[in-house]
$ cat protein34.tsv   # TSV, C-alpha atoms
chain	number	residue	atom	x	y	z
L	47	SER	CA	197.52	70.93	24.10
L	48	LEU	CA	199.71	68.90	26.44
L	49	CYS	CA	198.39	70.85	29.40
L	50	CYS	CA	194.85	70.24	28.26
L	51	ALA	CA	195.58	66.54	27.90
L	52	ASP	CA	197.04	66.41	31.40
L	53	ALA	CA	194.01	68.23	32.74
L	54	LYS	CA	191.69	65.80	31.06
L	55	GLU	CA	193.65	62.82	32.34
L	56	SER	CA	193.46	64.16	35.91
L	57	VAL	CA	189.63	64.08	35.84
L	58	THR	CA	188.30	60.95	37.53
L	59	PRO	CA	184.87	59.69	36.38
L	60	LEU	CA	182.51	58.95	39.26
L	61	LEU	CA	180.44	55.78	39.40
L	62	GLU	CA	177.59	55.08	41.78
L	63	GLY	CA	178.51	53.15	44.88
L	64	TYR	CA	182.29	53.33	44.39
L	65	VAL	CA	184.59	54.98	46.97
L	66	TYR	CA	187.49	57.08	45.61
L	67	GLN	CA	190.37	57.88	47.97
L	68	HIS	CA	193.01	60.54	47.24
L	69	ASN	CA	195.61	62.61	49.07
L	70	ASP	CA	196.08	65.41	46.55
L	71	THR	CA	194.02	68.04	44.70
L	72	HIS	CA	191.88	66.23	42.19
L	73	HIS	CA	189.02	66.71	39.73
L	74	PHE	CA	185.93	64.49	39.55
L	75	CYS	CA	183.09	64.34	37.04
L	76	TYR	CA	179.84	62.38	36.94
L	77	THR	CA	178.17	61.72	33.59
L	78	ASN	CA	174.51	60.84	33.91
L	79	THR	CA	173.38	58.10	31.52
L	80	ARG	CA	170.36	56.85	33.45
L	81	VAL	CA	166.82	58.05	32.84
L	82	PRO	CA	164.95	58.71	36.12
L	83	GLN	CA	162.15	56.23	36.86
L	84	TRP	CA	158.74	56.97	38.40
L	85	HIS	CA	159.60	55.27	41.70
L	86	GLU	CA	162.45	57.76	42.26
L	87	ILE	CA	160.15	60.67	43.00
L	88	TRP	CA	161.68	61.15	46.48
L	89	THR	CA	165.16	59.89	45.63
L	90	ARG	CA	168.15	62.18	46.09
L	91	MET	CA	171.52	61.68	44.43
L	92	GLN	CA	174.52	63.11	46.33
L	93	ILE	CA	178.29	63.28	46.12
L	94	ARG	CA	179.74	62.87	49.61
L	95	VAL	CA	183.27	64.16	50.32
L	96	ASN	CA	184.79	63.17	53.67
L	97	SER	CA	188.33	64.18	54.65
L	98	SER	CA	190.63	64.04	57.63
L	99	ARG	CA	191.25	67.81	57.56
L	100	MET	CA	189.74	70.94	56.10
L	101	ILE	CA	189.30	71.00	52.33
L	102	GLN	CA	187.60	73.23	49.76
L	103	VAL	CA	185.12	71.75	47.28
L	104	THR	CA	184.06	73.64	44.14
L	105	GLN	CA	181.20	72.41	41.92
L	106	VAL	CA	180.91	73.24	38.20
L	107	ASP	CA	178.81	72.02	35.28
L	108	SER	CA	181.50	70.86	32.85
L	109	GLU	CA	185.11	69.78	32.62
L	110	GLU	CA	186.16	72.99	30.87
L	111	LYS	CA	185.19	75.05	33.92
L	112	LEU	CA	187.47	73.02	36.18
L	113	GLU	CA	190.56	74.81	34.86
L	114	GLY	CA	189.28	78.23	33.86
L	115	PHE	CA	187.27	80.11	36.50
L	116	GLY	CA	185.55	83.38	35.75
L	117	ILE	CA	185.24	86.27	38.16
L	118	TRP	CA	181.94	85.02	39.55
L	119	ASP	CA	183.32	81.48	39.88
L	120	SER	CA	186.25	82.88	41.84
L	121	ILE	CA	183.96	84.82	44.16
L	122	SER	CA	181.73	81.78	44.69
L	123	SER	CA	184.80	79.64	45.44
L	124	LEU	CA	185.84	82.13	48.09
L	125	LEU	CA	182.41	81.92	49.63
L	126	LYS	CA	182.45	78.13	49.76
L	127	GLU	CA	182.66	76.83	53.30
L	128	LYS	CA	185.75	74.80	54.16
L	129	LEU	CA	184.55	71.57	55.74
L	130	ASN	CA	185.92	68.12	56.24
L	131	ASP	CA	182.53	66.53	55.53
L	132	THR	CA	180.34	67.98	52.80
L	133	SER	CA	177.58	66.78	50.46
L	134	ILE	CA	176.75	68.02	46.98
L	135	ASP	CA	173.28	67.41	45.56
L	136	VAL	CA	173.16	66.19	41.96
L	137	ASP	CA	170.10	66.76	39.81
L	138	LEU	CA	168.70	63.53	38.38
L	139	TYR	CA	168.33	65.25	34.99
L	140	SER	CA	171.80	66.84	34.87
L	141	ASN	CA	174.04	65.62	32.07
L	142	LYS	CA	177.33	66.17	33.85
L	143	THR	CA	178.41	67.35	37.29
L	144	CYS	CA	182.05	68.11	38.05
L	145	LEU	CA	183.81	69.14	41.23
L	146	LYS	CA	187.29	70.14	42.30
L	147	VAL	CA	188.67	69.14	45.68
L	148	GLU	CA	191.50	71.37	46.88
L	149	LEU	CA	193.68	70.57	49.86
L	150	LEU	CA	194.39	73.32	52.38
L	151	GLU	CA	196.94	71.35	54.40
L	152	ALA	CA	199.57	68.85	53.35
L	153	GLY	CA	199.02	65.23	54.25
L	154	THR	CA	195.21	65.44	53.96
L	155	THR	CA	193.40	62.32	52.75
L	156	TYR	CA	189.82	62.29	51.58
L	157	CYS	CA	187.30	59.96	49.97
L	158	VAL	CA	184.56	60.68	47.43
L	159	VAL	CA	181.46	58.55	46.93
L	160	LEU	CA	178.34	58.97	44.75
L	161	PHE	CA	175.07	57.33	45.87
L	162	ARG	CA	171.29	57.46	45.57
L	163	ARG	CA	168.94	57.19	48.55
L	164	PHE	CA	165.40	57.89	49.63
L	165	ASP	CA	165.30	61.35	51.18
L	166	PRO	CA	162.54	61.86	53.76
L	167	LYS	CA	163.09	65.62	53.55
L	168	LEU	CA	161.74	65.62	50.00
L	169	PHE	CA	158.62	63.81	51.17
L	170	LEU	CA	158.16	66.29	54.03
L	171	VAL	CA	158.52	69.21	51.59
L	172	PHE	CA	155.90	67.66	49.31
L	173	PHE	CA	153.55	66.97	52.22
L	174	LEU	CA	153.99	70.53	53.52
L	175	GLY	CA	153.15	71.90	50.08
L	176	LEU	CA	150.08	69.67	49.91
L	177	LEU	CA	148.99	70.92	53.33
L	178	LEU	CA	149.49	74.58	52.43
L	179	PHE	CA	147.63	74.24	49.14
L	180	PHE	CA	144.52	72.51	50.48
L	181	CYS	CA	144.45	74.25	53.90
L	182	GLY	CA	145.51	77.72	52.74
L	183	ASP	CA	141.98	79.11	53.19
L	184	MET	CA	141.78	77.87	56.77
L	185	LEU	CA	145.35	78.89	57.69
L	186	SER	CA	144.87	82.43	56.36
L	187	ARG	CA	142.10	82.94	58.95
L	188	SER	CA	143.90	81.23	61.84
L	189	GLN	CA	145.38	83.45	64.56
L	190	LEU	CA	147.83	80.74	65.62
L	191	PHE	CA	149.23	80.52	62.11
L	192	TYR	CA	149.38	84.32	61.89
L	193	TYR	CA	151.54	84.71	64.99
L	194	SER	CA	153.68	81.65	64.23
L	195	ALA	CA	154.40	82.79	60.69
L	196	GLY	CA	155.08	86.34	61.90
L	197	ILE	CA	157.62	85.22	64.49
L	198	SER	CA	159.35	82.86	62.03
L	199	PHE	CA	159.53	85.55	59.39
L	200	GLY	CA	160.94	87.97	61.96
L	201	LEU	CA	163.71	85.53	62.90
L	202	LEU	CA	164.75	85.06	59.27
L	203	ALA	CA	164.42	88.71	58.31
L	204	SER	CA	166.52	89.80	61.28
L	205	LEU	CA	169.53	87.99	59.78
L	206	LEU	CA	169.16	89.98	56.56
L	207	ILE	CA	168.85	93.15	58.60
L	208	LEU	CA	172.14	92.31	60.33
L	209	VAL	CA	173.82	91.91	56.95
L	210	TYR	CA	172.44	95.28	55.86
L	211	MET	CA	173.69	96.95	59.04
L	212	MET	CA	177.12	95.39	58.51
L	213	SER	CA	177.24	96.83	55.01
L	214	LYS	CA	176.59	100.29	56.46
L	215	VAL	CA	179.31	99.97	59.08
L	216	MET	CA	182.00	98.50	56.80
L	217	PRO	CA	184.38	100.96	55.07
L	218	LYS	CA	183.49	101.75	51.50
L	219	ARG	CA	186.86	100.56	50.14
L	220	SER	CA	186.94	97.32	52.04
L	221	PRO	CA	186.88	94.18	49.81
L	222	VAL	CA	184.37	92.62	52.17
L	223	TYR	CA	182.02	95.51	51.41
L	224	PHE	CA	181.67	94.37	47.81
L	225	LEU	CA	180.69	90.94	49.07
L	226	LEU	CA	178.13	92.37	51.47
L	227	VAL	CA	176.54	94.58	48.84
L	228	GLY	CA	176.52	91.64	46.46
L	229	GLY	CA	172.85	91.28	47.17
L	230	TRP	CA	170.63	88.41	48.08
L	231	SER	CA	173.08	85.71	46.99
L	232	PHE	CA	175.54	86.49	49.77
L	233	SER	CA	172.74	86.89	52.32
L	234	LEU	CA	171.28	83.54	51.36
L	235	TYR	CA	174.73	82.04	51.52
L	236	LEU	CA	175.16	83.28	55.08
L	237	LEU	CA	171.79	81.78	56.02
L	238	GLN	CA	172.78	78.48	54.43
L	239	LEU	CA	176.12	78.52	56.24
L	240	ILE	CA	174.42	79.23	59.57
L	241	PHE	CA	171.89	76.43	59.13
L	242	LYS	CA	174.59	73.93	58.13
L	243	ASN	CA	176.58	74.75	61.25
L	244	LEU	CA	173.56	75.32	63.46
L	245	ARG	CA	174.24	72.33	65.69
L	246	GLU	CA	177.80	73.42	66.39
L	247	ILE	CA	176.73	77.01	66.97
L	248	CYS	CA	174.04	75.94	69.44
L	249	LYS	CA	176.51	73.80	71.37
L	250	SER	CA	179.23	76.43	71.59
L	251	HIS	CA	177.19	79.63	71.95
L	252	TRP	CA	173.79	78.48	73.21
L	253	GLN	CA	173.45	81.49	75.54
L	254	TYR	CA	173.70	83.96	72.66
L	255	VAL	CA	171.43	81.86	70.46
L	256	LEU	CA	168.79	81.65	73.20
L	257	GLY	CA	169.00	85.38	73.88
L	258	TYR	CA	168.73	86.17	70.17
L	259	LEU	CA	165.69	83.93	69.74
L	260	LEU	CA	163.91	85.39	72.76
L	261	LEU	CA	164.64	89.00	71.81
L	262	VAL	CA	163.68	88.71	68.14
L	263	GLY	CA	160.73	86.47	69.01
L	264	PHE	CA	159.26	88.98	71.46
L	265	VAL	CA	159.82	91.87	69.06
L	266	SER	CA	158.15	89.95	66.20
L	267	PHE	CA	155.24	88.98	68.45
L	268	GLY	CA	154.83	92.62	69.51
L	269	VAL	CA	154.71	93.78	65.89
L	270	CYS	CA	152.15	91.10	65.01
L	271	TYR	CA	150.08	91.95	68.10
L	272	ARG	CA	150.24	95.67	67.26
L	273	TYR	CA	148.72	95.22	63.81
L	274	GLY	CA	146.58	92.21	64.73
L	275	PRO	CA	145.37	89.36	62.53
L	276	LEU	CA	144.01	90.10	59.09
L	277	GLU	CA	140.38	91.21	59.04
L	278	ASN	CA	139.95	92.61	55.56
L	279	GLU	CA	138.52	89.96	53.25
L	280	ARG	CA	140.77	90.97	50.35
L	281	SER	CA	143.89	90.76	52.51
L	282	ILE	CA	142.82	87.31	53.69
L	283	ASN	CA	142.29	86.25	50.07
L	284	LEU	CA	145.75	87.52	49.11
L	285	LEU	CA	147.34	85.57	51.97
L	286	SER	CA	145.37	82.47	51.02
L	287	TRP	CA	146.47	82.72	47.39
L	288	ALA	CA	150.09	83.25	48.45
L	289	LEU	CA	149.96	80.15	50.68
L	290	GLN	CA	148.42	78.09	47.89
L	291	LEU	CA	151.06	79.27	45.41
L	292	LEU	CA	153.81	78.47	47.91
L	293	GLY	CA	152.23	75.06	48.43
L	294	LEU	CA	152.33	74.35	44.69
L	295	LEU	CA	155.99	75.36	44.52
L	296	LEU	CA	156.85	73.10	47.46
L	297	MET	CA	154.92	70.22	45.90
L	298	TYR	CA	156.82	70.65	42.64
L	299	SER	CA	160.22	70.98	44.33
L	300	GLY	CA	159.57	68.02	46.65
L	301	ILE	CA	159.36	65.57	43.72
L	302	GLN	CA	162.47	64.78	41.68
L	303	ILE	CA	160.68	63.48	38.57
L	304	HIS	CA	159.53	66.61	36.75
L	305	PRO	CA	156.64	65.11	34.67
L	306	ILE	CA	155.18	63.43	37.76
L	307	ALA	CA	155.58	66.64	39.77
L	308	LEU	CA	153.78	68.64	37.09
L	309	ALA	CA	151.01	66.02	36.84
L	310	LEU	CA	150.45	66.03	40.60
L	311	VAL	CA	150.30	69.83	40.64
L	312	VAL	CA	147.67	69.82	37.88
L	313	ILE	CA	145.68	67.11	39.69
L	314	ALA	CA	145.79	69.11	42.92
L	315	ILE	CA	144.54	72.25	41.16
L	316	CYS	CA	141.73	70.35	39.42
L	317	THR	CA	140.73	68.59	42.63
L	318	LYS	CA	140.48	71.86	44.55
L	319	ASN	CA	138.63	73.74	41.82
L	320	LEU	CA	136.26	70.84	41.03
L	321	ASP	CA	134.95	70.79	44.59
L	322	TYR	CA	131.74	72.65	43.80
L	323	PRO	CA	131.04	70.89	40.46
L	324	LEU	CA	131.40	67.56	42.25
L	325	GLN	CA	128.92	68.70	44.87
L	326	TRP	CA	126.51	69.75	42.11
L	327	ALA	CA	126.90	66.41	40.35
L	328	PHE	CA	126.31	64.55	43.62
L	329	ALA	CA	123.18	66.61	44.30
L	330	ALA	CA	121.86	65.89	40.78
L	331	TYR	CA	122.57	62.19	41.27
L	332	ARG	CA	120.65	62.16	44.56
L	333	ARG	CA	117.70	63.89	42.88
L	334	MET	CA	117.66	61.28	40.13
L	335	GLN	CA	117.76	58.48	42.70
L	336	SER	CA	114.93	60.01	44.73
L	337	ALA	CA	112.90	60.50	41.54
L	338	ARG	CA	113.32	56.82	40.69
L	339	GLN	CA	112.25	55.75	44.18
L	340	ARG	CA	109.07	57.83	44.19
L	341	PRO	CA	105.78	55.81	44.07
L	342	SER	CA	104.05	55.60	40.72
L	343	PRO	CA	100.89	57.76	40.33
L	344	PRO	CA	97.65	55.97	41.30
L	345	ARG	CA	95.53	54.42	38.55
L	346	LEU	CA	92.42	56.37	37.63
L	347	LEU	CA	89.05	54.66	38.21
L	348	THR	CA	86.72	53.78	35.40
L	349	GLU	CA	83.18	55.10	35.37
L	350	GLU	CA	81.77	51.77	36.57
L	351	GLU	CA	84.37	51.49	39.35
L	352	TYR	CA	83.63	55.08	40.39
L	353	ARG	CA	79.89	54.34	40.61
L	354	VAL	CA	80.39	51.15	42.64
L	355	GLN	CA	82.83	52.85	45.00
L	356	GLY	CA	80.40	55.74	45.48
L	357	GLU	CA	77.61	53.32	46.37
L	358	VAL	CA	79.72	51.43	48.88
L	359	GLU	CA	81.05	54.55	50.56
L	360	THR	CA	77.61	56.15	50.67
L	361	ARG	CA	76.09	53.12	52.39
L	362	LYS	CA	78.99	52.98	54.81
L	363	ALA	CA	78.69	56.67	55.69
L	364	LEU	CA	74.90	56.47	56.16
L	365	GLU	CA	75.24	53.44	58.44
L	366	GLU	CA	77.90	55.21	60.51
L	367	LEU	CA	75.61	58.24	60.84
L	368	ARG	CA	72.70	56.07	62.03
L	369	ASN	CA	74.91	54.34	64.60
L	370	TYR	CA	76.07	57.66	65.92
L	371	CYS	CA	72.51	58.97	66.23
L	372	ARG	CA	71.57	55.85	68.20
L	373	SER	CA	74.52	56.14	70.60
L	374	PRO	CA	74.15	57.68	74.09
L	375	ASP	CA	76.61	60.43	73.16
L	376	PHE	CA	74.16	61.90	70.64
L	377	SER	CA	71.88	64.71	71.96
L	378	ALA	CA	68.55	63.83	70.35
L	379	TRP	CA	66.58	66.78	71.79
L	380	ALA	CA	69.12	69.30	70.52
L	381	ALA	CA	69.02	67.77	67.04
L	382	VAL	CA	65.21	67.55	66.91
L	383	SER	CA	64.87	71.21	67.89
L	384	ARG	CA	67.06	72.30	64.98
L	385	ILE	CA	65.60	70.21	62.09
L	386	GLN	CA	62.40	70.94	60.18
L	387	SER	CA	61.09	67.35	59.91
L	388	PRO	CA	61.69	65.42	63.13
L	389	LYS	CA	59.58	62.45	61.94
L	390	ARG	CA	61.68	62.03	58.77
L	391	PHE	CA	64.85	62.14	60.85
L	392	ALA	CA	63.44	59.52	63.19
L	393	ASP	CA	62.55	57.29	60.24
L	394	PHE	CA	66.08	57.67	58.87
L	395	VAL	CA	67.55	56.67	62.21
L	396	GLY	CA	65.18	53.70	62.28
L	397	GLY	CA	66.45	52.46	58.90
L	398	SER	CA	64.40	54.31	56.24
L	399	CYS	CA	65.91	55.87	53.17
L	400	HIS	CA	67.40	59.34	53.57
L	401	VAL	CA	65.65	60.69	50.42
L	402	THR	CA	61.99	60.58	49.33
L	403	PRO	CA	60.70	59.35	45.95
L	404	ASN	CA	59.93	62.95	44.93
L	405	GLU	CA	63.51	63.96	45.62
L	406	ILE	CA	64.78	61.03	43.58
L	407	SER	CA	62.56	62.03	40.64
L	408	ALA	CA	63.65	65.67	40.82
L	409	HIS	CA	67.28	64.66	41.00
L	410	ASP	CA	66.83	62.32	38.04
L	411	GLN	CA	65.27	65.05	35.98
L	412	GLU	CA	67.96	67.56	36.87
L	413	TYR	CA	71.14	65.39	36.83
L	414	GLY	CA	70.20	61.94	35.56
L	415	LEU	CA	73.06	60.26	37.43
L	416	GLY	CA	72.85	57.88	40.33
L	417	VAL	CA	69.08	57.60	40.10
L	418	VAL	CA	69.05	53.86	39.60
L	419	PHE	CA	71.00	53.29	42.76
L	420	LEU	CA	68.72	55.51	44.84
L	421	GLU	CA	65.57	53.91	43.46
L	422	ASP	CA	66.88	50.41	44.10
L	423	GLN	CA	67.82	51.37	47.60
L	424	PHE	CA	64.41	52.95	48.19
L	425	GLU	CA	62.61	49.86	46.89
L	426	GLU	CA	64.76	47.56	49.02
L	427	GLU	CA	64.02	49.59	52.12
L	428	GLU	CA	60.22	49.62	51.36
L	429	GLU	CA	60.24	45.85	50.94
L	430	GLU	CA	62.08	45.45	54.22
L	431	GLU	CA	59.50	47.65	55.98
L	432	GLU	CA	56.60	45.70	54.51
L	433	GLU	CA	58.18	42.42	55.66
L	434	LYS	CA	58.58	43.84	59.14
L	435	ASN	CA	54.96	45.06	59.24
L	436	GLU	CA	53.70	41.69	58.12

$ encode --input "protein34.tsv" --output "structure tokens"
Amino acid sequence: SLCCADAKESVTPLLEGYVYQHNDTHHFCYTNTRVPQWHEIWTRMQIRVNSSRMIQVTQVDSEEKLEGFGIWDSISSLLKEKLNDTSIDVDLYSNKTCLKVELLEAGTTYCVVLFRRFDPKLFLVFFLGLLLFFCGDMLSRSQLFYYSAGISFGLLASLLILVYMMSKVMPKRSPVYFLLVGGWSFSLYLLQLIFKNLREICKSHWQYVLGYLLLVGFVSFGVCYRYGPLENERSINLLSWALQLLGLLLMYSGIQIHPIALALVVIAICTKNLDYPLQWAFAAYRRMQSARQRPSPPRLLTEEEYRVQGEVETRKALEELRNYCRSPDFSAWAAVSRIQSPKRFADFVGGSCHVTPNEISAHDQEYGLGVVFLEDQFEEEEEEEEEKNE
């Protein structure tokens, strides 16, 4: 119990913004009592450990694990890189995060600080996911994206192939062999270690890095060129769905507040799938607007209005016909040769009525409509002729 009490007393609680300096192996724990707010969607919380010499930092989830390490904790501690400047990401929703700082050399001093800051990388991850989700259909048919993704995948896969080849070359009883055959965790750890020290590797061994990139890049391009871009519609659909799914995962991982991340993912899915219904609704709205702007149907004429309009139009048409027959453009001889009663036609052109009294009577007996108008017109024309003769 005394040992446990000493172990508990050696654990230093971490507070945000405070700098802790030590020169011996020490344990630190951060207890989260703050609920994440909506404006912290791209906020990252980190524990920064900076030392004068090489140290080893081990992260665990509770104080009990600081003293007792299992077999997997021991293996992971062996795989931890030994750096003099390291950062540990802390989940905003984690209850407690503990770490153990071990000194590898005597006389080493180090400082530990916990802080929150806006991380532009999270925003870039979210924006990349948004781009992949909404442009997945277009990217799956793009040749530039096909070759770029193929070369990038070849560069990453070649590192895993190197690990596999090392596992074949290593002796079966070597302790390193068990680490190599440990699976994807060790391979991903190597990739993470390489990326963290990429700047130093490029400075020290830039010739080898350049040669590796050119060789693997040309090989990957050759493989992509050999098989060519996707042409089958189902293969293109599968690639498009994979890009959209990857985009959703990046969108969710790029936002630290889980409810907001889930809400934005749902909104993105609804926005993409509601594209056609929105177009249909817009088309229906335009039809309704055009139907409202159409002119109202014309009002039907009454019987009296129809009779008056018929009289006016008939007089107008007859007068236009007379004027045309009197014009120089009219061929009188050709018209006279084709009609049966040239004298009646001449009288009509001179101003007489176009129907005779007998025709009016026959029409009245057969139809009984419009007779009054014709008789009045005939009488008016006879009176005009008599006045002219007088």

$ closest_residue --input "protein34.tsv" --among "L:Ile197, L:Ile134, L:Met91, L:Leu206" --to "Phe161 (chain L)" --atoms "only C-alpha atoms"
L:Met91

$ closest_residue --input "protein34.tsv" --among "L:Gly263, L:Gly175, L:Pro343, L:Pro388" --to "Gly300 (chain L)" --atoms "only C-alpha atoms"
L:Gly175

$ atom_distance --input "protein34.tsv" --atom1 "CA of Val57 (chain L)" --atom2 "CA of Phe74 (chain L)"
5.3 Å

$ residues_around --input "protein34.tsv" --residues "Cys371 (chain L)" --least-positions-apart "3" --cutoff "10 Å" --atoms "all atoms listed in the file" --output "list of chain:residue names"
L:Glu365, L:Glu366, L:Leu367, L:Arg368, L:Pro374, L:Asp375, L:Phe376, L:Ser377, L:Ala378, L:Ala381, L:Phe391, L:Ala392, L:Phe394, L:Val395, L:Gly396

$ atom_distance --input "protein34.tsv" --atom1 "CA of Thr155 (chain L)" --atom2 "CA of Asp137 (chain L)"
27.0 Å

$ residues_near_point --input "protein34.tsv" --point "(195.0, 65.6, 42.2)" --cutoff "9 Å" --atoms "all atoms listed in the file" --output "ChimeraX atom specification"
/L:56-57,68-73,146-148

$ closest_residue --input "protein34.tsv" --among "L:Thr154, L:Gln105, L:Thr79, L:Asn141" --to "Gln67 (chain L)" --atoms "all atoms listed in the file"
L:Thr154

$ atom_distance --input "protein34.tsv" --atom1 "CA of Glu277 (chain L)" --atom2 "CA of Leu185 (chain L)"
13.4 Å

$ closest_residue --input "protein34.tsv" --among "L:Leu201, L:Tyr139, L:Thr348, L:Lys167" --to "Leu296 (chain L)" --atoms "only C-alpha atoms"
L:Lys167

$ residues_around --input "protein34.tsv" --residues "Tyr66 (chain L)" --least-positions-apart "6" --cutoff "7 Å" --atoms "all atoms listed in the file" --output "list in words"
Cys157, Val158 and Val159 of chain L

$ closest_residue --input "protein34.tsv" --among "L:Leu60, L:Met184, L:Leu205, L:Leu294" --to "Ile313 (chain L)" --atoms "only C-alpha atoms"
L:Leu294

$ axis_aligned_box --input "protein34.tsv" --around "region 64-72 of chain L" --padding-each-side "6 Å" --output "AutoDock Vina command-line options"
--center_x 189.2 --center_y 60.7 --center_z 45.6 --size_x 25.8 --size_y 26.7 --size_z 18.9
